[in-house]
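Participant: Data file structure-v2.cif (mmCIF, C-alpha atoms and all ligand atoms) is appended below.
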```
data_run
loop_
_atom_site.label_atom_id
_atom_site.label_comp_id
_atom_site.auth_asym_id
_atom_site.auth_seq_id
_atom_site.Cartn_x
_atom_site.Cartn_y
_atom_site.Cartn_z
CA MET A 494 -36.78 -66.40 -54.37
CA VAL A 495 -36.21 -64.00 -51.45
CA CYS A 496 -33.05 -64.82 -49.51
CA GLU A 497 -31.08 -63.50 -46.57
CA LYS A 498 -29.23 -60.93 -48.71
CA ASP A 499 -32.45 -58.90 -49.08
CA PRO A 500 -31.95 -55.74 -46.92
CA LEU A 501 -35.40 -56.03 -45.34
CA VAL A 502 -34.86 -59.72 -44.56
CA GLN A 503 -31.47 -58.85 -43.08
CA LYS A 504 -33.11 -56.31 -40.75
CA ILE A 505 -35.81 -58.79 -39.71
CA THR A 506 -33.21 -61.51 -39.19
CA ASP A 507 -31.15 -59.18 -37.00
CA LEU A 508 -34.21 -58.48 -34.84
CA TYR A 509 -34.99 -62.20 -34.73
CA ASP A 510 -31.44 -62.90 -33.50
CA GLN A 511 -31.90 -60.39 -30.66
CA ILE A 512 -35.42 -61.59 -29.75
CA SER A 513 -34.49 -65.27 -29.81
CA THR A 514 -31.68 -64.71 -27.30
CA LEU A 515 -33.84 -62.86 -24.75
CA ASP A 516 -34.13 -64.65 -21.40
CA SER A 517 -37.86 -63.99 -21.30
CA LEU A 518 -40.54 -62.63 -23.62
CA LYS A 519 -42.56 -61.19 -20.75
CA PRO A 520 -43.23 -57.45 -21.22
CA SER A 521 -40.15 -55.40 -20.39
CA LYS A 522 -38.34 -52.39 -21.82
CA ASP A 523 -36.13 -54.58 -24.03
CA VAL A 524 -38.95 -56.88 -25.19
CA ASN A 525 -41.24 -53.93 -25.97
CA MET A 526 -38.48 -52.09 -27.83
CA LEU A 527 -37.53 -55.09 -30.00
CA PHE A 528 -41.11 -56.03 -30.91
CA THR A 529 -41.98 -52.40 -31.67
CA GLN A 530 -38.99 -52.25 -34.02
CA LEU A 531 -40.04 -55.57 -35.58
CA VAL A 532 -43.62 -54.41 -36.21
CA LEU A 533 -42.46 -51.09 -37.65
CA THR A 534 -40.04 -52.98 -39.93
CA CYS A 535 -42.67 -55.40 -41.21
CA MET A 536 -45.60 -52.99 -41.49
CA PRO A 537 -44.84 -50.96 -44.68
CA PRO A 538 -46.03 -52.42 -48.01
CA THR A 539 -43.20 -54.41 -49.58
CA HIS A 540 -42.26 -56.61 -52.53
CA ILE A 541 -41.65 -59.56 -50.19
CA ASP A 542 -43.78 -62.65 -50.71
CA VAL A 543 -43.19 -64.96 -47.75
CA THR A 544 -44.23 -67.95 -49.83
CA LYS A 545 -41.08 -67.39 -51.88
CA LEU A 546 -38.45 -67.37 -49.14
CA CYS A 547 -35.33 -69.51 -49.32
CA LYS A 548 -35.27 -72.42 -46.84
CA LYS A 549 -33.07 -70.68 -44.27
CA VAL A 550 -35.25 -67.55 -44.16
CA GLN A 551 -38.44 -69.68 -44.09
CA GLN A 552 -37.11 -71.54 -41.06
CA MET A 553 -36.32 -68.24 -39.33
CA ARG A 554 -39.81 -66.96 -40.19
CA SER A 555 -41.50 -70.01 -38.64
CA LYS A 556 -39.57 -69.55 -35.42
CA LEU A 557 -40.18 -65.80 -35.38
CA ILE A 558 -43.95 -66.28 -35.75
CA ARG A 559 -43.93 -68.59 -32.72
CA LEU A 560 -41.88 -66.08 -30.69
CA CYS A 561 -44.35 -63.34 -31.64
CA GLY A 562 -47.24 -65.57 -30.61
CA GLU A 563 -45.63 -66.34 -27.25
CA ALA A 564 -44.91 -62.67 -26.62
CA GLU A 565 -48.48 -61.69 -27.57
CA GLY A 566 -49.88 -64.21 -25.12
CA LEU A 567 -47.60 -62.99 -22.32
CA LEU A 568 -48.50 -59.35 -23.08
CA GLU A 569 -52.21 -60.14 -22.93
CA THR A 570 -51.82 -62.08 -19.68
CA HIS A 571 -49.84 -59.21 -18.18
CA PHE A 572 -52.48 -56.61 -18.97
CA SER A 573 -55.40 -58.90 -18.18
CA THR A 574 -53.96 -59.29 -14.69
CA ILE A 575 -53.59 -55.51 -14.28
CA LEU A 576 -57.12 -54.89 -15.59
CA ALA A 577 -58.49 -57.46 -13.13
CA SER A 578 -57.33 -55.22 -10.30
CA TYR A 579 -59.86 -52.54 -11.31
CA ASP A 580 -63.48 -52.59 -10.09
CA ASN A 581 -64.66 -52.11 -13.68
CA PRO A 582 -61.92 -53.57 -15.90
CA LEU A 583 -63.80 -52.77 -19.11
CA HIS A 584 -63.61 -49.06 -18.30
CA HIS A 585 -59.80 -49.22 -18.44
CA LEU A 586 -59.08 -51.25 -21.58
CA ASN A 587 -57.11 -48.38 -23.04
CA ILE A 588 -54.19 -49.21 -20.76
CA PHE A 589 -53.49 -52.05 -23.21
CA PRO A 590 -50.92 -50.66 -25.69
CA TYR A 591 -52.66 -52.17 -28.73
CA TYR A 592 -56.24 -51.35 -27.71
CA THR A 593 -56.64 -48.83 -30.55
CA ASN A 594 -55.44 -51.48 -33.01
CA TYR A 595 -58.18 -53.81 -31.77
CA LEU A 596 -60.77 -51.05 -32.09
CA LYS A 597 -59.73 -50.56 -35.71
CA LEU A 598 -59.43 -54.27 -36.49
CA SER A 599 -62.86 -55.00 -34.97
CA GLN A 600 -64.40 -52.10 -36.89
CA LEU A 601 -62.83 -53.46 -40.07
CA GLU A 602 -64.08 -56.97 -39.38
CA PHE A 603 -67.56 -55.67 -38.56
CA ASN A 604 -67.65 -53.66 -41.81
CA ILE A 605 -66.56 -56.69 -43.82
CA LEU A 606 -69.08 -58.92 -42.06
CA THR A 607 -72.02 -56.57 -42.61
CA LYS A 608 -70.98 -56.07 -46.23
CA HIS A 609 -71.43 -59.79 -46.86
CA CYS A 610 -74.12 -60.73 -44.34
CA SER A 611 -77.50 -58.98 -44.17
CA ASN A 612 -78.57 -60.50 -40.82
CA VAL A 613 -77.13 -59.64 -37.42
CA PRO A 614 -75.60 -62.91 -36.12
CA ASN A 615 -77.27 -64.37 -33.01
CA LYS A 616 -74.34 -66.53 -31.97
CA VAL A 617 -70.68 -65.96 -32.71
CA ALA A 618 -67.73 -68.17 -31.82
CA PHE A 619 -64.30 -66.68 -31.28
CA VAL A 620 -61.60 -69.33 -31.53
CA GLY A 621 -58.43 -68.43 -29.64
CA SER A 622 -59.86 -65.64 -27.49
CA GLY A 623 -57.04 -65.65 -24.92
CA PRO A 624 -56.79 -64.09 -21.46
CA LEU A 625 -57.74 -60.69 -22.91
CA PRO A 626 -60.56 -61.37 -25.42
CA LEU A 627 -60.55 -57.88 -26.85
CA THR A 628 -62.08 -58.76 -30.20
CA SER A 629 -65.16 -60.29 -28.59
CA ILE A 630 -65.40 -57.48 -26.03
CA VAL A 631 -65.11 -54.73 -28.67
CA LEU A 632 -67.52 -56.41 -31.09
CA ALA A 633 -70.06 -57.10 -28.32
CA SER A 634 -69.74 -53.62 -26.85
CA PHE A 635 -69.80 -51.45 -29.98
CA HIS A 636 -71.03 -53.45 -32.95
CA LEU A 637 -73.00 -56.63 -32.22
CA LYS A 638 -74.96 -55.52 -29.16
CA THR A 639 -77.49 -58.35 -29.13
CA THR A 640 -75.17 -61.17 -30.17
CA SER A 641 -73.86 -63.84 -27.81
CA PHE A 642 -70.17 -64.70 -27.99
CA HIS A 643 -68.75 -68.12 -27.20
CA ASN A 644 -65.00 -67.81 -26.65
CA TYR A 645 -62.81 -70.87 -26.96
CA ASP A 646 -59.23 -71.14 -25.73
CA ILE A 647 -56.97 -74.11 -25.18
CA ASP A 648 -55.13 -72.36 -22.34
CA PRO A 649 -56.75 -73.26 -18.99
CA SER A 650 -55.84 -69.89 -17.46
CA ALA A 651 -57.51 -67.87 -20.24
CA LYS A 652 -61.10 -68.57 -19.11
CA SER A 653 -60.71 -67.40 -15.51
CA LYS A 654 -58.79 -64.29 -16.56
CA ALA A 655 -61.30 -63.40 -19.25
CA LEU A 656 -64.31 -64.01 -16.97
CA ARG A 657 -62.79 -61.67 -14.38
CA LEU A 658 -62.82 -58.89 -16.97
CA VAL A 659 -66.42 -59.21 -18.12
CA SER A 660 -68.13 -60.36 -14.90
CA SER A 661 -68.54 -56.78 -13.64
CA ASP A 662 -70.43 -55.74 -16.79
CA PRO A 663 -74.18 -56.58 -16.52
CA ASP A 664 -74.62 -56.77 -20.31
CA LEU A 665 -71.47 -58.59 -21.39
CA SER A 666 -71.59 -61.04 -18.50
CA ARG A 667 -74.91 -62.25 -19.93
CA ARG A 668 -73.71 -62.50 -23.52
CA MET A 669 -70.14 -63.75 -23.24
CA PHE A 670 -69.30 -67.37 -22.53
CA PHE A 671 -65.89 -69.01 -22.17
CA HIS A 672 -64.84 -72.56 -22.89
CA THR A 673 -61.50 -74.17 -22.14
CA THR A 674 -60.83 -76.59 -24.97
CA ASP A 675 -58.81 -77.23 -28.08
CA ILE A 676 -61.10 -76.17 -30.92
CA MET A 677 -60.24 -79.48 -32.58
CA ASP A 678 -62.30 -81.16 -29.83
CA VAL A 679 -65.40 -79.06 -30.54
CA THR A 680 -67.55 -80.82 -33.11
CA ASN A 681 -71.34 -80.59 -33.40
CA GLY A 682 -71.34 -77.55 -31.09
CA LEU A 683 -69.86 -75.58 -34.00
CA LYS A 684 -73.15 -75.95 -35.90
CA GLU A 685 -74.82 -73.44 -33.55
CA PHE A 686 -72.82 -70.49 -34.80
CA ASP A 687 -73.74 -68.02 -37.54
CA VAL A 688 -70.17 -66.67 -37.55
CA VAL A 689 -66.87 -68.18 -36.43
CA PHE A 690 -63.81 -65.94 -35.93
CA LEU A 691 -60.44 -67.67 -36.07
CA ALA A 692 -57.63 -65.83 -34.24
CA ALA A 693 -54.40 -65.36 -36.18
CA LEU A 694 -52.46 -67.42 -33.62
CA VAL A 695 -54.62 -70.54 -33.86
CA GLY A 696 -52.64 -72.70 -36.25
CA MET A 697 -49.10 -71.36 -36.12
CA ASP A 698 -47.95 -72.81 -39.41
CA LYS A 699 -49.56 -73.74 -42.69
CA ASP A 700 -50.26 -77.38 -41.81
CA GLU A 701 -51.75 -76.55 -38.41
CA LYS A 702 -53.90 -73.77 -39.88
CA VAL A 703 -55.20 -76.01 -42.66
CA ARG A 704 -56.05 -78.73 -40.12
CA VAL A 705 -58.08 -76.23 -38.05
CA VAL A 706 -59.84 -74.85 -41.14
CA GLU A 707 -60.69 -78.35 -42.36
CA HIS A 708 -62.09 -79.15 -38.91
CA LEU A 709 -64.26 -76.02 -39.04
CA ALA A 710 -65.36 -76.90 -42.58
CA LYS A 711 -66.43 -80.31 -41.37
CA TYR A 712 -68.54 -79.13 -38.44
CA MET A 713 -69.72 -75.57 -39.11
CA ASN A 714 -73.24 -75.07 -40.35
CA PRO A 715 -73.62 -74.82 -44.15
CA GLY A 716 -73.95 -71.11 -44.97
CA ALA A 717 -72.20 -70.01 -41.76
CA VAL A 718 -69.45 -67.43 -42.08
CA LEU A 719 -65.79 -67.87 -41.20
CA MET A 720 -63.71 -64.76 -40.45
CA LEU A 721 -59.98 -65.47 -40.53
CA ARG A 722 -56.94 -63.36 -39.81
CA SER A 723 -53.99 -63.61 -42.11
CA ALA A 724 -51.04 -61.43 -43.07
CA HIS A 725 -49.66 -59.85 -46.25
CA GLY A 726 -46.18 -58.82 -47.37
CA ALA A 727 -43.57 -58.63 -44.63
CA ARG A 728 -46.35 -58.81 -42.02
CA GLY A 729 -46.14 -62.50 -42.88
CA PHE A 730 -43.07 -62.59 -40.64
CA LEU A 731 -45.32 -61.79 -37.66
CA TYR A 732 -48.32 -64.00 -38.33
CA PRO A 733 -49.21 -67.11 -40.37
CA VAL A 734 -50.46 -66.43 -43.90
CA VAL A 735 -53.76 -68.04 -44.93
CA ASP A 736 -54.08 -68.69 -48.65
CA PRO A 737 -57.55 -68.81 -50.21
CA TRP A 738 -56.84 -72.29 -51.55
CA ASP A 739 -56.26 -73.48 -47.97
CA LEU A 740 -59.95 -72.91 -47.30
CA ARG A 741 -61.36 -76.15 -48.64
CA GLY A 742 -65.06 -76.41 -47.84
CA PHE A 743 -65.56 -72.63 -47.96
CA GLN A 744 -66.42 -70.07 -50.59
CA VAL A 745 -63.89 -67.24 -50.14
CA LEU A 746 -65.86 -64.00 -50.37
CA SER A 747 -63.04 -61.47 -50.08
CA ILE A 748 -59.66 -60.61 -48.60
CA PHE A 749 -58.70 -57.23 -47.17
CA HIS A 750 -55.10 -56.17 -46.68
CA PRO A 751 -54.90 -53.11 -44.41
CA THR A 752 -52.01 -50.78 -45.10
CA ASP A 753 -52.12 -48.89 -41.80
CA GLU A 754 -51.29 -50.02 -38.29
CA VAL A 755 -53.90 -52.78 -38.39
CA ILE A 756 -51.47 -55.65 -38.92
CA ASN A 757 -53.76 -58.55 -39.79
CA SER A 758 -55.36 -59.12 -43.16
CA VAL A 759 -58.98 -60.24 -42.91
CA ILE A 760 -60.51 -63.05 -44.94
CA ILE A 761 -64.24 -63.70 -44.99
CA ALA A 762 -65.53 -67.02 -46.28
CA ARG A 763 -68.79 -68.89 -46.19
CA LYS A 764 -69.26 -72.59 -45.72
CA PHE A 765 -71.24 -73.51 -48.77
CA PRO A 766 -74.17 -75.92 -48.64
CA MET A 767 -73.10 -79.55 -48.88
CA PRO A 768 -73.38 -80.46 -52.57
CA LYS A 769 -74.87 -83.92 -53.23
CA HIS A 770 -71.62 -85.41 -54.48
CA CYS A 771 -69.56 -84.63 -51.43
CA SER A 772 -69.69 -85.33 -47.70
CA ALA A 773 -68.28 -83.88 -44.48
CA GLU A 774 -65.30 -86.21 -44.95
CA HIS A 775 -64.61 -84.98 -48.48
CA PRO A 776 -65.34 -81.26 -48.56
CA VAL A 777 -65.31 -79.45 -51.85
CA GLY A 778 -62.50 -76.93 -52.47
CA PRO A 779 -63.05 -73.16 -52.79
CA MET A 780 -65.63 -72.49 -55.47
CA LYS A 781 -65.57 -70.09 -58.38
CA LEU A 782 -65.95 -66.53 -57.17
CA PRO A 783 -67.59 -63.61 -58.89
CA ASN A 784 -64.92 -62.37 -61.26
CA LYS A 785 -64.11 -58.95 -59.86
CA CYS A 786 -61.49 -56.71 -61.29
CA PHE A 787 -59.01 -55.15 -58.87
CA ASP A 788 -61.37 -53.34 -56.63
CA ILE A 789 -60.45 -50.56 -54.26
CA ASP A 790 -63.05 -50.68 -51.54
CA MET A 791 -63.16 -47.45 -49.59
CA LEU A 792 -64.69 -48.30 -46.28
CA ASN A 793 -66.89 -46.03 -44.24
CA PRO A 794 -65.48 -42.48 -44.70
CA LEU A 795 -65.69 -42.09 -40.90
CA LEU A 796 -62.93 -44.66 -40.83
CA ASN A 797 -60.51 -42.60 -42.82
CA HIS A 798 -57.73 -43.90 -40.58
CA VAL A 799 -58.28 -47.28 -42.24
CA ASN A 800 -56.50 -46.75 -45.53
CA LEU A 801 -57.68 -47.84 -48.93
CA MET A 802 -58.34 -51.53 -48.72
CA GLU A 803 -57.25 -53.88 -51.45
CA GLU A 804 -59.97 -56.31 -52.29
CA LEU A 805 -58.07 -58.84 -54.29
CA ASP A 806 -59.68 -60.90 -56.92
CA ILE A 807 -59.38 -64.54 -55.94
CA GLU A 808 -58.16 -66.90 -58.63
CA ASP A 809 -60.88 -69.32 -59.58
CA GLN A 810 -60.09 -72.59 -57.90
CA LEU A 811 -61.00 -75.58 -60.06
CA LEU A 812 -62.05 -78.52 -57.96
C1 LIG B 1 -53.08 -64.53 -27.65
S1 LIG B 1 -54.73 -64.83 -28.13
C2 LIG B 1 -55.00 -63.62 -29.35
C3 LIG B 1 -56.48 -63.33 -29.57
C4 LIG B 1 -56.81 -61.91 -29.11
N1 LIG B 1 -56.96 -61.85 -27.65
C5 LIG B 1 -58.11 -61.36 -29.75
O1 LIG B 1 -59.03 -60.95 -29.02
O2 LIG B 1 -58.14 -61.30 -31.01
C6 LIG B 1 -54.55 -66.35 -29.13
C7 LIG B 1 -55.02 -67.54 -28.31
O3 LIG B 1 -55.24 -68.67 -29.15
C8 LIG B 1 -55.21 -69.80 -28.29
N2 LIG B 1 -55.15 -71.05 -29.08
C9 LIG B 1 -54.12 -71.50 -29.83
N3 LIG B 1 -54.43 -72.68 -30.41
C10 LIG B 1 -55.70 -72.99 -30.02
C11 LIG B 1 -56.59 -74.09 -30.27
N4 LIG B 1 -56.25 -75.13 -31.06
N5 LIG B 1 -57.83 -74.08 -29.70
C12 LIG B 1 -58.21 -73.04 -28.91
N6 LIG B 1 -57.41 -71.98 -28.62
C13 LIG B 1 -56.16 -71.94 -29.17
C14 LIG B 1 -53.98 -69.54 -27.42
O4 LIG B 1 -54.05 -70.25 -26.19
C15 LIG B 1 -54.06 -68.02 -27.22
O5 LIG B 1 -54.59 -67.68 -25.95
#
```
When written as structure tokens, how does the structure in this file appear?
Ligand SMILES: C[S@@+](CC[C@H](N)C(=O)[O-])C[C@H]1O[C@@H](n2cnc3c(N)ncnc32)[C@H](O)[C@@H]1O
Facilitator:
Amino acid sequence: MVCEKDPLVQKITDLYDQISTLDSLKPSKDVNMLFTQLVLTCMPPTHIDVTKLCKKVQQMRSKLIRLCGEAEGLLETHFSTILASYDNPLHHLNIFPYYTNYLKLSQLEFNILTKHCSNVPNKVAFVGSGPLPLTSIVLASFHLKTTSFHNYDIDPSAKSKALRLVSSDPDLSRRMFFHTTDIMDVTNGLKEFDVVFLAALVGMDKDEKVRVVEHLAKYMNPGAVLMLRSAHGARGFLYPVVDPWDLRGFQVLSIFHPTDEVINSVIIARKFPMPKHCSAEHPVGPMKLPNKCFDIDMLNPLLNHVNLMEELDIEDQLL
């Protein structure tokens, strides 16, 4: 059990105390400084397993994740608004402080996707795209250049802000679509997608995340791929952690835990064909995976900035 006496937890708690008393989480010198310190504190590999926190620290973690999510949304809105003032917003994406992180995360996700899927997806859904849909923009611009992207966000302001960014680009404006809706209200439309990306901030705690995943399992096409973002170690204080056994209805193919400045872990899973003895209402849990030993998967040597990835063997989940 990890409790508040742990030095790392004490440092995170101290930052939480300062962040939670800020008047606003809109970008400012103080907000930027505190969140930079928080990310640098949580980034290094650590012994901490956030599933083994004492109650008090777990409660702090839940609140901290929500504060991080709110700040991320405000940061993206802030820079989306600035970018909208340019004639060609997509030519100035590098003004966003975490643009390089998105380039690396999208490259990582593309590498993982192509490692497990031989065909280029025709239609991709991004759930939780936000006012600055960088993942879709980067994937569509550099990796999946013939794929159409349907971006879903519950926030009514996200669609107009995102459209403003892509409308000046003749290619992306034809391939990127935006929908204002709670993903829980999208049902049969989910069947159209070869790949569904689920943003880290959709489902801010375990129960919410599992509800979203179960909804996707119910309506996604059998054989379609789900790409999720999770967190590992102390990075679990910044984002919700997705456990493989939360992914009922999917075969978990692999999990990658970056050890560099790419914060999110990436999970790829495939909705398996509906076995005879189960139905959409009663999906089957994660199935037995190929038994792989601990497997260091060196990605494309051109990506030497993306450190050695840990491809963890997933415990067989008995139904
Ligand atoms: C801040 S963005 C981060 C995604 C980031 N822009 C990217 O490209 O990876 C996360 C978004 O998820 C959206 N969101 C949260 N819950 C959702 C839900 N149930 N359905 C659709 N969107 C949701 C929020 O409104 C927020 O805009």
Participant: Please identify the residues whose atoms come within 10 Å of ligand LIG 1 (chain B), using only C-alpha atoms and all ligand atoms, and report them as JSON, numbers by chain.
Facilitator: {"A": [561, 562, 563, 564, 565, 566, 567, 568, 569, 570, 595, 598, 599, 619, 620, 621, 622, 623, 624, 625, 626, 627, 628, 629, 630, 631, 632, 644, 645, 646, 647, 648, 649, 650, 651, 652, 655, 672, 673, 674, 675, 676, 677, 678, 679, 690, 691, 692, 693, 694, 695, 696, 697, 701, 702, 704, 705, 722]}
Participant: Would you mind listing what lies within 12 Å of Ser578 in chain A as JSON, numbers by chain, with all atoms listed in the file counted and same-chain residues fewer than 6 positions away left out?
Facilitator: {"A": [571, 572, 584, 585, 654, 657, 658, 661]}
Participant: Padding 5 Å on every side, please: axis-aligned box over the listed atoms of range 500-510 of chain A, centre and edge lengths to one decimal in Å, as lines of an AutoDock Vina configuration file.
Facilitator:
```
center_x = -33.5
center_y = -59.3
center_z = -40.2
size_x = 14.7
size_y = 17.2
size_z = 23.4
```
Participant: Return the single residue from A:Val706, A:Val502, A:Leu656, A:Val718 that is closest to Cys547 in chain A, with distances computed using only C-alpha atoms.
Facilitator: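 Using only C-alpha atoms, the shortest distance to Cys547 in chain A belongs to A:Val502.
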Participant: Using Å and a single decimal, report how far CA of Ala618 in chain A sits from CA of Ser641 in chain A.
Facilitator: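 One can read the CA of Ser641 in chain A to CA of Ala618 in chain A distance as 8.5 Å.
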Participant: Which residue, A:Arg763, A:Lys699, A:Lys548, A:His609, has the smallest gap to Glu497 in chain A when you use all atoms listed in the file?
Facilitator: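 Under the stated criterion, the closest residue is A:Lys548.
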Participant: How many Å separate CA of Gly726 in chain A from CA of Arg554 in chain A?
Facilitator: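 If I compute the distance from CA of Gly726 in chain A to CA of Arg554 in chain A, I get 12.6 Å.
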Participant: What is the CA of Lys711 in chain A-CA of Ala724 in chain A distance in Å, reported with one decimal?
Facilitator: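 Taking CA of Lys711 in chain A as the start and CA of Ala724 in chain A as the end point, the length is 24.4 Å.
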Participant: Using all atoms listed in the file, find the one residue out of A:Val524, A:Leu596, A:Leu709, A:Leu583 that sits nearest to Leu665 in chain A.
Facilitator: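 So, comparing all the options, the nearest one is A:Leu583.
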Participant: Taking all atoms listed in the file into account, which of A:Lys545, A:Lys519, A:Lys684, A:His750 comes nearest Arg728 in chain A?
Facilitator: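 Nearest to Arg728 in chain A: A:His750.
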Participant: For a quick check of understanding, using all atoms listed in the file, which of A:Leu683, A:Val613, A:Val745, A:Leu518 has the smallest distance to Val759 in chain A?
Facilitator: A:Val745
Participant: When you count all atoms listed in the file, which of these residues is closest to Ser653 in chain A: A:Ala577, A:Ala710, A:Leu731, A:Leu557?
Facilitator: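 When distances to Ser653 in chain A are compared using all atoms listed in the file, the smallest one comes from A:Ala577.
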Participant: So that I can see what lies close to Gln511 in chain A, please list as a PDB file with C-alpha atoms, keeping the file's coordinate frame the residues with an atom at most 12 Å from it, counting all atoms listed in the file and leaving out residues fewer than 2 positions away in the same chain.
Facilitator:
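Produced file out26.pdb, reproduced below:
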```
ATOM      1  CA  LYS A 504     -33.110 -56.310 -40.750  1.00  0.00           C
ATOM      2  CA  ILE A 505     -35.810 -58.790 -39.710  1.00  0.00           C
ATOM      3  CA  THR A 506     -33.210 -61.510 -39.190  1.00  0.00           C
ATOM      4  CA  ASP A 507     -31.150 -59.180 -37.000  1.00  0.00           C
ATOM      5  CA  LEU A 508     -34.210 -58.480 -34.840  1.00  0.00           C
ATOM      6  CA  TYR A 509     -34.990 -62.200 -34.730  1.00  0.00           C
ATOM      7  CA  SER A 513     -34.490 -65.270 -29.810  1.00  0.00           C
ATOM      8  CA  THR A 514     -31.680 -64.710 -27.300  1.00  0.00           C
ATOM      9  CA  LEU A 515     -33.840 -62.860 -24.750  1.00  0.00           C
ATOM     10  CA  ASP A 516     -34.130 -64.650 -21.400  1.00  0.00           C
ATOM     11  CA  SER A 517     -37.860 -63.990 -21.300  1.00  0.00           C
ATOM     12  CA  LEU A 518     -40.540 -62.630 -23.620  1.00  0.00           C
ATOM     13  CA  ASP A 523     -36.130 -54.580 -24.030  1.00  0.00           C
ATOM     14  CA  VAL A 524     -38.950 -56.880 -25.190  1.00  0.00           C
ATOM     15  CA  MET A 526     -38.480 -52.090 -27.830  1.00  0.00           C
ATOM     16  CA  LEU A 527     -37.530 -55.090 -30.000  1.00  0.00           C
ATOM     17  CA  PHE A 528     -41.110 -56.030 -30.910  1.00  0.00           C
ATOM     18  CA  GLN A 530     -38.990 -52.250 -34.020  1.00  0.00           C
ATOM     19  CA  LEU A 531     -40.040 -55.570 -35.580  1.00  0.00           C
ATOM     20  CA  LEU A 557     -40.180 -65.800 -35.380  1.00  0.00           C
ATOM     21  CA  LEU A 560     -41.880 -66.080 -30.690  1.00  0.00           C
TER      22      LEU A 560
END
```
Participant: Do a neighbour search on Met713 in chain A at 9 Å with all atoms listed in the file, toss out local chain neighbours closer than 5 positions, and write the hits as number ranges by chain.
Facilitator: A: 680-687, 689, 708, 718-719, 764
Participant: Tell me, as a PyMOL selection string, which residues lie within 10 Å of Thr640 in chain A, counting all atoms listed in the file; anything in the same chain fewer than 3 positions away does not count.
Facilitator: chain A and resi 613-617+632-634+636-637+643+665+668-669
Participant: Add whatever atoms are absent from range 501-513 of chain A to reach N, CA and C atoms, and provide the output as a PDB file, in the coordinates of the input.
Facilitator:
```pdb
ATOM      1  N   LEU A 501     -34.296 -55.955 -46.307  1.00  0.00           N
ATOM      2  CA  LEU A 501     -35.400 -56.030 -45.340  1.00  0.00           C
ATOM      3  C   LEU A 501     -35.304 -57.335 -44.540  1.00  0.00           C
ATOM      4  N   VAL A 502     -35.010 -58.426 -45.246  1.00  0.00           N
ATOM      5  CA  VAL A 502     -34.860 -59.720 -44.560  1.00  0.00           C
ATOM      6  C   VAL A 502     -33.692 -59.655 -43.581  1.00  0.00           C
ATOM      7  N   GLN A 503     -32.631 -58.986 -43.983  1.00  0.00           N
ATOM      8  CA  GLN A 503     -31.470 -58.850 -43.080  1.00  0.00           C
ATOM      9  C   GLN A 503     -31.869 -58.119 -41.803  1.00  0.00           C
ATOM     10  N   LYS A 504     -32.690 -57.090 -41.936  1.00  0.00           N
ATOM     11  CA  LYS A 504     -33.110 -56.310 -40.750  1.00  0.00           C
ATOM     12  C   LYS A 504     -34.013 -57.180 -39.851  1.00  0.00           C
ATOM     13  N   ILE A 505     -34.923 -57.911 -40.478  1.00  0.00           N
ATOM     14  CA  ILE A 505     -35.810 -58.790 -39.710  1.00  0.00           C
ATOM     15  C   ILE A 505     -35.010 -59.897 -39.027  1.00  0.00           C
ATOM     16  N   THR A 506     -34.049 -60.444 -39.754  1.00  0.00           N
ATOM     17  CA  THR A 506     -33.210 -61.510 -39.190  1.00  0.00           C
ATOM     18  C   THR A 506     -32.401 -61.001 -37.999  1.00  0.00           C
ATOM     19  N   ASP A 507     -31.925 -59.774 -38.109  1.00  0.00           N
ATOM     20  CA  ASP A 507     -31.150 -59.180 -37.000  1.00  0.00           C
ATOM     21  C   ASP A 507     -32.043 -59.039 -35.761  1.00  0.00           C
ATOM     22  N   LEU A 508     -33.279 -58.600 -35.982  1.00  0.00           N
ATOM     23  CA  LEU A 508     -34.210 -58.480 -34.840  1.00  0.00           C
ATOM     24  C   LEU A 508     -34.555 -59.857 -34.286  1.00  0.00           C
ATOM     25  N   TYR A 509     -34.705 -60.828 -35.192  1.00  0.00           N
ATOM     26  CA  TYR A 509     -34.990 -62.200 -34.730  1.00  0.00           C
ATOM     27  C   TYR A 509     -33.842 -62.707 -33.850  1.00  0.00           C
ATOM     28  N   ASP A 510     -32.614 -62.442 -34.286  1.00  0.00           N
ATOM     29  CA  ASP A 510     -31.440 -62.900 -33.500  1.00  0.00           C
ATOM     30  C   ASP A 510     -31.465 -62.302 -32.092  1.00  0.00           C
ATOM     31  N   GLN A 511     -31.858 -61.034 -31.994  1.00  0.00           N
ATOM     32  CA  GLN A 511     -31.900 -60.390 -30.660  1.00  0.00           C
ATOM     33  C   GLN A 511     -33.069 -60.932 -29.825  1.00  0.00           C
ATOM     34  N   ILE A 512     -34.228 -61.107 -30.486  1.00  0.00           N
ATOM     35  CA  ILE A 512     -35.420 -61.590 -29.750  1.00  0.00           C
ATOM     36  C   ILE A 512     -35.200 -63.030 -29.267  1.00  0.00           C
ATOM     37  N   SER A 513     -34.624 -63.836 -30.141  1.00  0.00           N
ATOM     38  CA  SER A 513     -34.490 -65.270 -29.810  1.00  0.00           C
ATOM     39  C   SER A 513     -33.464 -65.523 -28.707  1.00  0.00           C
TER      40      SER A 513
END
```
